[in-house]
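First the structure, in the form of C-alpha cells, and then the observations on it.
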Protein chains: 2
Amino acid sequence: MITLETIRTAHDRIRAHIHRTPILTNQTINELSGVHIFFKPENFQKIGAFKARGGLNAILQLSEQERYHGRTMGPVTTHSSGNHAQAVAFAARQVGIKAYIVMPRTAPQVKKDAVKGYGAEIIECEPTLEAREAGVREVIERTGAVLVHPFDDDRVIAGQATAAKELIEDADYDSFFDAILAPVGGGGLLSGTALSTHYLSPRTKVFAGEPEGAADAVLSFKSGKVEKAPYINSLADGLLTSLSERTLGYIREHVTDILTVSDAEISAAMRLVWERMKIVIEPSSAVPLAALFKNKAQFTGQKVGIILTGGNTDLGKLPF
Amino acid sequence: MITLETIRTAHDRIRAHIHRTPILTNQTINELSGVHIFFKPENFQKIGAFKARGGLNAILQLSEQERYHGRTMGPVTTHSSGNHAQAVAFAARQVGIKAYIVMPRTAPQVKKDAVKGYGAEIIECEPTLEAREAGVREVIERTGAVLVHPFDDDRVIAGQATAAKELIEDADYDSFFDAILAPVGGGGLLSGTALSTHYLSPRTKVFAGEPEGAADAVLSFKSGKVEKAPYINSLADGLLTSLSERTLGYIREHVTDILTVSDAEISAAMRLVWERMKIVIEPSSAVPLAALFKNKAQFTGQKVGIILTGGNTDLGKLPF
C-alpha cells in the first residue's frame, strides 16, 4: 500500500541524489496543439531518465533496513537492456554496494559502457526473457544479491511517483493541471504518477500513452486481467513490457484512460520536441505528446502536464 | 562606442522579448575535460539562437527613434540564410513592422518556413554574396527599408553582449569565471561577449573558437587587418563569414586568443553535448567546447563559461 506518506518519505530519501528537473513550456507546441502543455523533462535526470528515482528509492531503503538491523548490505541485481540497468548500477554506486546487471548480449555497447561506468558487473545472456530471468536467478543463488525489479515493486513505484509530485508542487496552485500524461510500459511510472496525482491534485485526471506495437496495457485496463500485447513491434523500446497485477491494480483505480499511438505518430512528436524545444528525448518520451495530438479535441484549452521520461537514444539510429 | 551603459540599456530594451536562458553544467563533461564548465544554452533562446538579442536591440532602438521623431517606422531588411534571418523577422513582428529577408534559393525549406512563420516576406536570390547584397540594395531602393546587418552594427553587438552579461550576473560572484569562450564568425557575438566581460568581470579572459575551415579571424587577429580565410569548408555553417573592421577592433582589444578546431573535433564535441546533456545544439555551438578539449591543459581546474549559440540544425543531416 503506497500512501502519500510513502511518496513523501521516498522523495526525502532520494532528494540529495537526484536533480529536481524544471518545468518547460513551448509556445509553438502550445499553438499547434491548442493545449497549455507543461513538460517535466526527466531526460535531464541522473542517468538520463526518471528510472534513477525508483532505483534509488529501492536501494536506499534496502540500505536503511540493513543498517537498522546492523548488517552490511549485500549486492543487488536486475535484468534490463535499458534505463533500469543504469538506474540500479547508479543507485548501487551511491550506496557503495555491488550490482550485477544481467543484460542481453545484443544490448547496445553504449548502454553496456554506461552500466560499467557506474562500476556494476555485467552478466551477458541470450536476448530472451527466459535467459534474462535465468541469469538473475543464477546471480541470486551465487551471490545472495537482492532483486530490484524494474516496476513490480512498491519501493520502485514510490520512487517514480516523485516525478509527478515535483511537477504538481512546481505548478502555480493545487489542481492546476486538468490532466497529467505519462507513457506506459510495465506501469511503474504510470502507477506512481497516478498515485501522486490522486493524493496531491485529486481533480487532475491521469492518462497514459501506449504504442500500438505494444498495446497490452489498454487491453488489461479494459478486461481487468493482465493481458499480453497482440504483437510487439515499436520504436518506443522502453515500453515493450506488460503490466503486472500490482501495476494494473493502481492503474485501474486511478487512471482515466489509455490512448494508443502508431510509430509514425511517435516519431513525428519526437521530432517536434527535438526541433522546437531543442532537447534530446528518446522515442518512449514522445508517446504521451503523440497521444495528446491524436486526441487534441479532448484537451483543447486545458492545462496538461507531460512527463518526458528520458533521453537515452542512439543518435546514429534516429527514426526521422 | 559601446559602453557598459549601452549594454545595460540594450538589456533593458530587449528583456521582455527574450528568455533569460539558464546556466547548465554536466558532471561527465567536467570529468572528461578536467574543467568546471558553465554553459549558457542560447539554443533555448527565442528563434533557437542568441541572434534574437541583436536583432531585437537594433529594431527596438530604431522604433524608439522613429517614435521620438514622431514618425511611423518603415520596413527592415537583411540577407541571411541562417539565424539572423529569423532574428530580424521575429524582431520586426514584435514591433509590428514589415521585414524583407533576402535568402538564397538554396536555403533549407525549414528555415524559409520559419521566416515566413514570423510574417516576413522572402526575396529569393542566387546563393552568392553578390546576389544577396544586390537583393538587399533592390529592396532598399524599392521600399526604403533599413538594413539590419548581422554583425557590423553596434546596436546588434550590444544586443549580443547581453548573453555574456546574463552569464556573468548569474554566476556566484564577480570574476567567478577564469575564462569565457564563444565561437567567432562575423564577430558580433564575440565582440559583445568580450565587451560585457571587460566591463563586468575584468579578470576573466575571453577566448574564441573558430573552425579550421573558415579560419579568417585567427589570421586577422594576428595581422591586425581583415583577412579572408584560406578556404571555406566547415560543418559550422553559422561561422563562415569574415570579420569586419569594427568587430576586429573590439576583438583585438579584448580577446586573449582564437583557437581553431577541425570538423571532426566539432562533430565529436557536438555529439558529446547531445548525448550527455540531452540538448540539441547546432555545429557552430560546439566549436568553443571543441577548442577547450583541444587545449585542455590550458584550462585545467578553471571555471569556464561557454556560450552555446543555437540549436537550429537539420535533424536529417547529422554529422555523426
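As shown in the C-alpha cells, the chain order sets the letters A, B, ...; within each chain, residues go from 1, and ligands are also counted from 1 in the order they appear.
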Using only C-alpha atoms, find each residue of chain B with at least one atom at most 9 Å away from an atom of chain A; report its shortest atom-to-atom pair and that distance in Å (one decimal), sort the rows by chain and rising residue number, and return the result as a tab-separated table.
residue	atom	partner	partner_atom	distance
B:Asn43	CA	A:Lys278	CA	6.6
B:Phe44	CA	A:Lys278	CA	6.7
B:Gly48	CA	A:Lys278	CA	7.7
B:Arg271	CA	A:Leu315	CA	8.2
B:Trp274	CA	A:Val280	CA	6.7
B:Glu275	CA	A:Asn312	CA	7.5
B:Arg276	CA	A:Gly48	CA	7.9
B:Met277	CA	A:Phe44	CA	7.0
B:Lys278	CA	A:Val280	CA	4.6
B:Ile279	CA	A:Ile279	CA	4.2
B:Val280	CA	A:Lys278	CA	4.6
B:Ile281	CA	A:Lys278	CA	7.1
B:Gly310	CA	A:Lys278	CA	9.0
B:Gly311	CA	A:Lys278	CA	6.1
B:Asn312	CA	A:Glu275	CA	7.4
B:Thr313	CA	A:Glu275	CA	8.1
B:Asp314	CA	A:Glu275	CA	8.6
B:Leu315	CA	A:Phe320	CA	7.7
B:Gly316	CA	A:Phe320	CA	6.7
B:Leu318	CA	A:Gly316	CA	8.7
B:Phe320	CA	A:Gly316	CA	6.7
Might you pull out every residue within 9 Å of range 186-202 of chain B, with only C-alpha atoms counted and same-chain residues fewer than 2 positions away left off, and present them as an MDAnalysis selection string? chainID B and resid 2:4 7 50:51 54 150:154 156:165 168:169 174:177 180:184 204:208 217 239:244 246:251 253:255 309
Take CA of Ser223 in chain B and CA of Val261 in chain B and report the distance between them in Å, one decimal.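 Interatomic distance, CA of Ser223 in chain B to CA of Val261 in chain B: 19.8 Å.
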Dump as a tab-separated table the rows for residues of range 9-92 of chain B within 9 Å of range 294-306 of chain B: closest atom pair and distance in Å with one decimal, only C-alpha atoms counted, ordered by chain and rising residue number.
residue	atom	partner	partner_atom	distance
B:Ser33	CA	B:Lys296	CA	6.4
B:Gly34	CA	B:Thr300	CA	5.4
B:Val35	CA	B:Gly301	CA	4.9
B:His36	CA	B:Lys303	CA	4.8
B:Ile37	CA	B:Val304	CA	4.9
B:Phe38	CA	B:Gly305	CA	4.7
B:Phe39	CA	B:Ile306	CA	4.9
B:Lys40	CA	B:Ile306	CA	6.1
B:Pro41	CA	B:Ile306	CA	8.6
Applying 12 Å and only C-alpha atoms, which residues near Pro230 in chain B remain after dropping the ones on its own chain fewer than 3 positions away? List them as an NGL selection string. :B and (211-220 or 227 or 233 or 240 or 242)
Output file for the selection above: all heavy atoms, as a short mmCIF file (atom, residue, chain, number, x, y, z; two decimals), in the first residue's frame:
data_model
loop_
_atom_site.label_atom_id
_atom_site.label_comp_id
_atom_site.auth_asym_id
_atom_site.auth_seq_id
_atom_site.Cartn_x
_atom_site.Cartn_y
_atom_site.Cartn_z
N PRO B 211 36.34 27.51 -36.64
CA PRO B 211 36.58 26.31 -37.46
C PRO B 211 37.82 26.49 -38.33
O PRO B 211 38.01 27.57 -38.90
CB PRO B 211 35.34 26.22 -38.35
CG PRO B 211 34.36 27.22 -37.84
CD PRO B 211 35.12 28.23 -37.04
N GLU B 212 38.62 25.45 -38.45
CA GLU B 212 39.76 25.48 -39.38
C GLU B 212 39.31 25.78 -40.80
O GLU B 212 40.04 26.40 -41.57
CB GLU B 212 40.47 24.12 -39.36
CG GLU B 212 41.35 23.91 -38.15
CD GLU B 212 41.90 22.49 -38.05
OE1 GLU B 212 41.75 21.71 -39.01
OE2 GLU B 212 42.46 22.16 -36.98
N GLY B 213 38.09 25.36 -41.12
CA GLY B 213 37.56 25.55 -42.47
C GLY B 213 36.94 26.92 -42.69
O GLY B 213 36.19 27.10 -43.66
N ALA B 214 37.20 27.87 -41.81
CA ALA B 214 36.75 29.27 -42.01
C ALA B 214 37.63 30.14 -41.13
O ALA B 214 37.16 30.98 -40.37
CB ALA B 214 35.28 29.43 -41.66
N ALA B 215 38.95 29.92 -41.26
CA ALA B 215 39.90 30.47 -40.28
C ALA B 215 40.40 31.86 -40.67
O ALA B 215 41.60 32.10 -40.78
CB ALA B 215 41.07 29.50 -40.11
N ASP B 216 39.44 32.78 -40.84
CA ASP B 216 39.86 34.16 -41.15
C ASP B 216 40.18 34.94 -39.88
O ASP B 216 41.11 35.74 -39.84
CB ASP B 216 38.75 34.89 -41.91
CG ASP B 216 37.48 34.98 -41.08
OD1 ASP B 216 36.81 33.95 -40.89
OD2 ASP B 216 37.18 36.08 -40.56
N ALA B 217 39.39 34.72 -38.82
CA ALA B 217 39.52 35.58 -37.63
C ALA B 217 40.89 35.42 -36.98
O ALA B 217 41.50 36.39 -36.53
CB ALA B 217 38.40 35.29 -36.63
N VAL B 218 41.37 34.17 -36.94
CA VAL B 218 42.66 33.94 -36.31
C VAL B 218 43.77 34.67 -37.08
O VAL B 218 44.71 35.22 -36.48
CB VAL B 218 42.93 32.42 -36.16
CG1 VAL B 218 43.07 31.74 -37.51
CG2 VAL B 218 44.12 32.14 -35.27
N LEU B 219 43.65 34.73 -38.41
CA LEU B 219 44.63 35.46 -39.24
C LEU B 219 44.52 36.97 -39.02
O LEU B 219 45.52 37.67 -38.83
CB LEU B 219 44.41 35.16 -40.73
CG LEU B 219 44.64 33.73 -41.19
CD1 LEU B 219 44.38 33.62 -42.70
CD2 LEU B 219 46.08 33.29 -40.87
N SER B 220 43.28 37.46 -39.03
CA SER B 220 43.04 38.90 -38.85
C SER B 220 43.51 39.34 -37.46
O SER B 220 44.08 40.42 -37.29
CB SER B 220 41.55 39.21 -39.00
OG SER B 220 41.05 38.67 -40.20
N GLU B 227 41.32 39.80 -42.80
CA GLU B 227 41.83 38.83 -43.77
C GLU B 227 40.70 37.91 -44.23
O GLU B 227 39.69 37.77 -43.56
CB GLU B 227 42.91 37.94 -43.12
CG GLU B 227 43.99 38.70 -42.37
CD GLU B 227 45.18 39.04 -43.25
OE1 GLU B 227 45.14 38.69 -44.46
OE2 GLU B 227 46.13 39.66 -42.74
N ASN B 233 35.20 25.73 -45.75
CA ASN B 233 34.60 24.39 -45.83
C ASN B 233 34.47 23.87 -44.41
O ASN B 233 35.42 23.34 -43.85
CB ASN B 233 35.48 23.45 -46.66
CG ASN B 233 34.89 22.06 -46.75
OD1 ASN B 233 33.70 21.86 -46.49
ND2 ASN B 233 35.72 21.08 -47.08
N LEU B 240 30.84 31.00 -41.18
CA LEU B 240 31.62 31.03 -42.42
C LEU B 240 31.99 32.45 -42.88
O LEU B 240 32.78 32.62 -43.78
CB LEU B 240 30.86 30.29 -43.53
CG LEU B 240 30.45 28.85 -43.19
CD1 LEU B 240 29.78 28.17 -44.39
CD2 LEU B 240 31.64 28.01 -42.72
N SER B 242 33.51 36.46 -42.66
CA SER B 242 34.72 37.11 -42.16
C SER B 242 34.36 38.25 -41.20
O SER B 242 33.23 38.75 -41.22
CB SER B 242 35.52 37.71 -43.31
OG SER B 242 35.85 36.70 -44.24
#
Just how far from CA of Leu60 in chain A is CA of Arg137 in chain A, in Å to one decimal? 22.4 Å
Atomic separation - CA of Ala236 in chain A relative to CA of Ser284 in chain A, Å: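 It comes out at 4.4 Å.
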Write out as a compact mmCIF listing (two decimals) with C-alpha atoms, in the first residue's frame which residues come within 6 Å of Ile266 in chain B when counting only C-alpha atoms, dropping same-chain ones fewer than 4 positions away.
# COMPACT_ATOMS: atom_id res chain seq x y z
CA ALA B 286 30.09 23.05 -30.38
CA VAL B 287 33.13 24.97 -31.60
CA ALA B 290 35.88 21.51 -29.11
Assign secondary structure with DSSP using the backbone only, and return the residues of range 90-262 of chain B in strand (DSSP E) as a PyMOL selection string. chain B and resi 99-104+121-125+146-147+179-183+205-211+257-261
Which one is closest to Thr9 in chain A: A:Lys116, A:Arg155, A:His84, A:Arg71? Count only C-alpha atoms.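 Among A:Lys116, A:Arg155, A:His84, A:Arg71, it is A:Arg155 that comes nearest to Thr9 in chain A.
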